[in-house]
file model-v6.txt (compact mmCIF, C-alpha atoms)
# COMPACT_ATOMS: atom_id res chain seq x y z
CA MET A 37 137.12 140.10 217.22
CA LYS A 38 135.07 139.10 214.18
CA SER A 39 135.33 135.49 213.01
CA ARG A 40 134.18 136.34 209.50
CA LEU A 41 137.13 136.54 207.11
CA PRO A 42 137.90 139.80 205.32
CA PRO A 43 137.84 140.03 201.51
CA LEU A 44 140.78 138.35 199.84
CA GLY A 45 141.74 141.58 198.06
CA THR A 46 142.38 143.31 201.37
CA LEU A 47 144.76 140.54 202.45
CA LEU A 48 146.70 140.73 199.18
CA ALA A 49 147.00 144.50 199.56
CA PHE A 50 148.12 144.11 203.18
CA GLU A 51 150.77 141.53 202.26
CA ALA A 52 152.13 143.68 199.42
CA ALA A 53 152.18 146.87 201.51
CA ALA A 54 153.94 145.10 204.37
CA GLU A 55 156.59 143.60 202.10
CA HIS A 56 157.23 146.82 200.13
CA LYS A 57 156.79 149.17 203.14
CA SER A 58 154.94 151.56 200.89
CA PHE A 59 151.42 151.86 199.53
CA ALA A 60 152.79 153.31 196.30
CA ASN A 61 155.20 150.39 195.71
CA ALA A 62 152.50 147.89 196.67
CA ALA A 63 150.23 149.52 194.09
CA LYS A 64 152.88 149.08 191.38
CA TYR A 65 153.33 145.44 192.38
CA LEU A 66 149.61 144.71 192.16
CA TYR A 67 149.02 146.97 189.13
CA VAL A 68 146.50 149.18 190.93
CA THR A 69 146.54 152.78 192.17
CA PRO A 70 147.97 153.84 195.57
CA ALA A 71 144.48 155.06 196.48
CA ALA A 72 143.13 151.55 195.87
CA ILE A 73 145.76 150.06 198.20
CA SER A 74 144.98 152.65 200.86
CA GLN A 75 141.25 151.89 200.59
CA GLN A 76 141.88 148.13 200.90
CA ILE A 77 144.03 148.63 204.00
CA GLN A 78 141.42 150.87 205.59
CA THR A 79 138.75 148.24 204.89
CA LEU A 80 140.91 145.54 206.50
CA GLU A 81 141.70 147.67 209.56
CA SER A 82 138.03 148.51 209.95
CA HIS A 83 137.15 144.82 209.69
CA LEU A 84 139.72 143.89 212.35
CA ASP A 85 139.12 147.02 214.40
CA LEU A 86 142.91 147.39 214.71
CA ALA A 87 145.58 149.62 213.17
CA LEU A 88 147.98 147.55 211.10
CA PHE A 89 150.36 150.32 209.91
CA HIS A 90 152.04 153.44 211.20
CA ARG A 91 151.78 155.98 208.37
CA SER A 92 154.49 158.56 207.63
CA LYS A 93 155.59 160.73 204.73
CA THR A 94 158.38 158.28 203.89
CA GLY A 95 156.23 155.16 203.89
CA VAL A 96 154.46 152.77 206.23
CA LYS A 97 155.59 150.52 209.06
CA LEU A 98 153.73 147.61 210.62
CA THR A 99 152.35 147.96 214.11
CA ARG A 100 152.88 145.10 216.56
CA ALA A 101 149.42 143.84 215.67
CA GLY A 102 150.30 144.16 211.98
CA GLU A 103 153.53 142.17 212.41
CA SER A 104 151.68 139.39 214.19
CA TYR A 105 148.83 139.31 211.66
CA LEU A 106 151.23 139.31 208.71
CA LEU A 107 152.62 135.92 209.75
CA PHE A 108 149.17 134.34 209.54
CA VAL A 109 148.24 136.14 206.31
CA GLN A 110 151.45 135.04 204.59
CA ALA A 111 150.98 131.46 205.75
CA GLY A 112 147.36 131.40 204.58
CA LEU A 113 148.10 132.95 201.18
CA HIS A 114 151.04 130.57 200.76
CA GLU A 115 148.73 127.59 201.25
CA LEU A 116 146.23 129.02 198.76
CA ARG A 117 148.96 129.49 196.17
CA LEU A 118 150.20 125.94 196.71
CA GLY A 119 146.65 124.66 196.34
CA GLN A 120 146.24 126.53 193.08
CA GLN A 121 149.50 125.08 191.76
CA HIS A 122 148.36 121.62 192.85
CA LEU A 123 145.22 121.95 190.75
CA THR A 124 147.20 122.29 187.55
CA GLN A 125 147.74 118.53 187.51
CA PHE A 126 144.02 118.07 186.94
CA ARG A 127 143.73 120.37 183.94
CA HIS A 128 144.61 117.63 181.48
CA LEU A 129 143.23 114.74 183.53
CA ASP A 130 140.43 112.87 181.81
CA VAL A 131 137.53 111.77 183.97
CA LEU A 132 135.59 108.54 183.35
CA THR A 133 132.31 108.30 185.24
CA ILE A 134 130.71 104.87 185.63
CA SER A 135 127.24 104.25 187.04
CA ALA A 136 126.19 100.87 188.40
CA LEU A 137 123.90 99.16 190.83
CA PRO A 138 125.28 99.52 194.38
CA SER A 139 126.06 95.81 194.72
CA VAL A 140 127.91 95.72 191.39
CA ALA A 141 129.81 98.92 192.17
CA GLN A 142 130.91 97.71 195.60
CA LYS A 143 131.61 94.05 194.92
CA TRP A 144 132.93 94.11 191.38
CA ILE A 145 133.94 97.55 190.09
CA MET A 146 135.58 99.17 193.11
CA PRO A 147 138.17 96.38 193.68
CA LEU A 148 139.32 96.87 190.09
CA VAL A 149 139.45 100.67 190.07
CA LEU A 150 142.76 101.22 191.88
CA GLU A 151 144.54 98.59 189.82
CA TRP A 152 143.21 100.14 186.60
CA MET A 153 144.15 103.70 187.62
CA GLU A 154 147.71 102.59 188.38
CA LYS A 155 147.99 101.54 184.73
CA HIS A 156 146.23 104.71 183.49
CA PRO A 157 147.31 107.55 185.85
CA ASP A 158 146.11 110.19 183.38
CA ILE A 159 142.47 109.09 183.76
CA GLU A 160 140.39 109.55 186.90
CA ILE A 161 137.55 107.10 187.52
CA ARG A 162 134.42 108.16 189.36
CA ILE A 163 131.85 105.59 190.48
CA GLN A 164 128.20 106.51 190.94
CA ALA A 165 126.12 103.84 192.67
CA GLY A 166 122.34 103.85 192.41
CA HIS A 167 119.24 102.05 191.20
CA THR A 168 117.97 104.79 188.88
CA LYS A 169 118.17 104.12 185.17
CA ILE A 170 120.71 106.44 183.53
CA ASN A 171 119.58 109.12 181.10
CA PHE A 172 122.79 110.05 179.33
CA ASN A 173 121.29 113.30 178.08
CA HIS A 174 121.04 114.57 181.66
CA SER A 175 123.78 112.61 183.43
CA ALA A 176 127.52 113.05 183.85
CA SER A 177 127.96 109.28 183.44
CA ASP A 178 130.00 108.07 180.49
CA MET A 179 128.86 104.47 180.85
CA CYS A 180 126.75 102.31 183.10
CA VAL A 181 126.63 98.70 184.18
CA SER A 182 122.97 97.72 184.06
CA PHE A 183 120.89 94.60 184.63
CA GLY A 184 119.77 93.91 181.07
CA GLN A 185 119.60 96.40 178.20
CA SER A 186 116.03 97.64 178.48
CA GLY A 187 115.75 101.41 178.07
CA TYR A 188 119.09 101.88 176.33
CA THR A 189 118.00 101.83 172.70
CA GLY A 190 120.62 103.16 170.31
CA MET A 191 123.45 102.87 172.83
CA HIS A 192 126.58 100.81 172.38
CA LYS A 193 126.15 97.74 174.58
CA GLN A 194 128.52 94.98 175.62
CA LYS A 195 127.43 91.88 177.52
CA LEU A 196 129.69 91.37 180.52
CA PHE A 197 128.30 88.21 182.08
CA THR A 198 125.10 86.31 182.75
CA ASP A 199 123.65 86.60 186.21
CA THR A 200 122.29 83.60 188.09
CA VAL A 201 119.22 83.89 190.28
CA THR A 202 118.89 81.29 193.03
CA MET A 203 116.09 80.68 195.48
CA VAL A 204 117.14 80.88 199.12
CA VAL A 205 114.93 79.03 201.60
CA SER A 206 114.67 79.51 205.35
CA PRO A 207 115.80 76.43 207.33
CA GLU A 208 112.40 76.38 209.04
CA LEU A 209 110.70 75.96 205.68
CA THR A 210 113.21 73.38 204.56
CA ASN A 211 112.68 71.26 207.67
CA GLY A 212 108.96 71.78 207.94
CA LEU A 213 106.71 73.12 205.23
CA LEU A 214 108.69 71.80 202.28
CA ASN A 215 108.43 68.25 203.59
CA GLU A 216 104.69 68.66 204.09
CA LEU A 217 104.35 69.86 200.50
CA SER A 218 106.31 66.85 199.20
CA ILE A 219 109.10 68.92 197.71
CA GLY A 220 111.88 66.60 198.59
CA SER A 221 114.50 67.47 196.01
CA VAL A 222 114.99 71.15 196.88
CA SER A 223 118.64 71.21 195.86
CA LYS A 224 117.80 69.78 192.45
CA GLU A 225 114.99 72.28 191.97
CA LEU A 226 117.37 75.13 192.74
CA ASN A 227 119.61 73.84 189.95
CA GLY A 228 116.69 73.90 187.54
CA SER A 229 115.61 70.24 187.64
CA LEU A 230 111.99 69.57 188.72
CA LYS A 231 110.97 65.96 189.13
CA GLU A 232 107.50 66.47 190.55
CA SER A 233 104.83 68.16 188.43
CA SER A 234 103.28 69.92 191.44
CA SER A 235 106.53 71.41 192.76
CA VAL A 236 106.17 74.86 191.18
CA ASP A 237 102.55 75.22 192.27
CA ASP A 238 103.51 74.05 195.76
CA LEU A 239 106.16 76.77 195.94
CA LEU A 240 103.47 79.37 195.40
CA THR A 241 101.85 78.39 198.70
CA LEU A 242 104.98 79.32 200.65
CA PRO A 243 105.55 82.83 202.06
CA MET A 244 107.78 84.77 199.66
CA ILE A 245 109.78 87.96 200.10
CA HIS A 246 109.04 90.46 197.32
CA ILE A 247 111.29 93.39 196.45
CA ASP A 248 109.93 96.51 194.78
CA TRP A 249 112.78 97.57 192.51
CA GLY A 250 110.84 100.62 191.28
CA ASP A 251 109.82 101.59 187.78
CA ASP A 252 113.41 102.28 186.70
CA ASN A 253 114.40 98.67 187.39
CA ASN A 254 111.34 96.69 186.42
CA ASN A 255 113.64 94.47 184.33
CA LEU A 256 115.23 93.03 187.48
CA PRO A 257 114.11 89.49 188.37
CA GLN A 258 110.85 88.84 190.19
CA TRP A 259 109.26 85.66 191.50
CA ASP A 260 106.85 85.26 188.58
CA GLU A 261 109.71 85.36 186.08
CA TRP A 262 111.74 82.82 188.07
CA LEU A 263 108.77 80.47 188.43
CA ARG A 264 107.92 80.74 184.72
CA HIS A 265 111.44 79.64 183.95
CA LEU A 266 111.06 76.61 186.21
CA ARG A 267 107.85 75.61 184.44
CA SER A 268 109.52 75.99 181.04
CA ILE A 269 112.25 73.49 181.86
CA ARG A 270 110.01 71.04 183.69
call {"tool": "encode", "arguments": {"input": "model-v6.txt", "output": "structure tokens"}}
result
Amino acid sequence: MKSRLPPLGTLLAFEAAAEHKSFANAAKYLYVTPAAISQQIQTLESHLDLALFHRSKTGVKLTRAGESYLLFVQAGLHELRLGQQHLTQFRHLDVLTISALPSVAQKWIMPLVLEWMEKHPDIEIRIQAGHTKINFNHSASDMCVSFGQSGYTGMHKQKLFTDTVTMVVSPELTNGLLNELSIGSVSKELNGSLKESSSVDDLLTLPMIHIDWGDDNNNLPQWDEWLRHLRSIR
């Protein structure tokens, strides 16, 4: 038996012919010719390699195979019709697509989405997480949450909050190298207060982890920007 499904039209013709017990009445029901119904049934029987009807001058009658198959066809078509009816609820549903950095989408936006949708059930929210800068001319996004406003000239922008960048130091460096470099007030430095003129230069001698954010996110913070800020407030 073939696993490939037959054309949907053959199943509709089979269902109608079985219910009306006549190719002619099935044709009227589906607004086609009796010859079209007969051709569809022949195609289905050829596909299944089974006879589904006993033909006679007075009409048609299902074979045992046809009776068994009809149960599955009716169930399948019923589910398809229910699915189609279910889709009607989305016809007037507005979709709001928001793009954001993965960390922002996961930690900040997603926890708020369900609560917001409960208050606005007629609007569906879709979240797209990624690092690529959004080109609204070629994107389905309606808005984006970005780090800074570079690259969004002419767009309506609203500042949400100011991010804070903090240096994180390995305990091995804290207990060893930092003491050797005479950077004793690490906690104060991390809060933006440098008391020793050599502290920033000393930091440059330590091994640092660099992240390549890519060209689309070259506005994200890097070590040189963070260190320049420390020098400016020294």
call {"tool": "atom_distance", "arguments": {"input": "model-v6.txt", "atom1": "CA of Tyr65 in chain A", "atom2": "CA of Phe50 in chain A"}}
result
12.1 Å
call {"tool": "closest_residue", "arguments": {"input": "model-v6.txt", "among": "A:Leu41, A:Ser177, A:Arg91, A:Ile245", "to": "Val204 in chain A", "atoms": "all atoms listed in the file"}}
result
A:Ile245
call {"tool": "closest_residue", "arguments": {"input": "model-v6.txt", "among": "A:Leu84, A:Leu148, A:Ala60, A:Ala52", "to": "Arg40 in chain A", "atoms": "all atoms listed in the file"}}
result
A:Leu84
call {"tool": "residues_around", "arguments": {"input": "model-v6.txt", "residues": "Gln164 in chain A", "least_positions_apart": "4", "cutoff": "10 Å", "atoms": "only C-alpha atoms", "output": "list in words"}}
result
Thr133, Ile134, Ser135, Ala136, Leu137, Pro138, Ala141, Ala176, Ser177 and Cys180 of chain A
call {"tool": "residues_around", "arguments": {"input": "model-v6.txt", "residues": "range 149-161 of chain A", "least_positions_apart": "6", "cutoff": "6 Å", "atoms": "only C-alpha atoms", "output": "PyMOL selection string"}}
result
chain A and resi 129-133
call {"tool": "atom_distance", "arguments": {"input": "model-v6.txt", "atom1": "CA of Leu239 in chain A", "atom2": "CA of Gln258 in chain A"}}
result
14.2 Å
call {"tool": "residues_around", "arguments": {"input": "model-v6.txt", "residues": "Ile73 in chain A", "least_positions_apart": "3", "cutoff": "6 Å", "atoms": "only C-alpha atoms", "output": "short mmCIF file (atom, residue, chain, number, x, y, z; two decimals) with C-alpha atoms, keeping the file's coordinate frame"}}
result
data_model
loop_
_atom_site.label_atom_id
_atom_site.label_comp_id
_atom_site.auth_asym_id
_atom_site.auth_seq_id
_atom_site.Cartn_x
_atom_site.Cartn_y
_atom_site.Cartn_z
CA ALA A 49 147.00 144.50 199.56
CA PRO A 70 147.97 153.84 195.57
CA GLN A 76 141.88 148.13 200.90
#
call {"tool": "closest_residue", "arguments": {"input": "model-v6.txt", "among": "A:Lys195, A:Asp85, A:Glu55, A:Thr79", "to": "Leu98 in chain A", "atoms": "only C-alpha atoms"}}
result
A:Glu55
call {"tool": "closest_residue", "arguments": {"input": "model-v6.txt", "among": "A:Leu80, A:Met244, A:Met179, A:Ala53", "to": "Val205 in chain A", "atoms": "all atoms listed in the file"}}
result
A:Met244
call {"tool": "atom_distance", "arguments": {"input": "model-v6.txt", "atom1": "CA of Thr94 in chain A", "atom2": "CA of Pro42 in chain A"}}
result
27.6 Å
call {"tool": "closest_residue", "arguments": {"input": "model-v6.txt", "among": "A:Leu118, A:Met146, A:Leu196, A:Ala54", "to": "Tyr105 in chain A", "atoms": "only C-alpha atoms"}}
result
A:Ala54
call {"tool": "closest_residue", "arguments": {"input": "model-v6.txt", "among": "A:Asn61, A:Gln110, A:Ser268, A:Gln75", "to": "Val96 in chain A", "atoms": "all atoms listed in the file"}}
result
A:Asn61
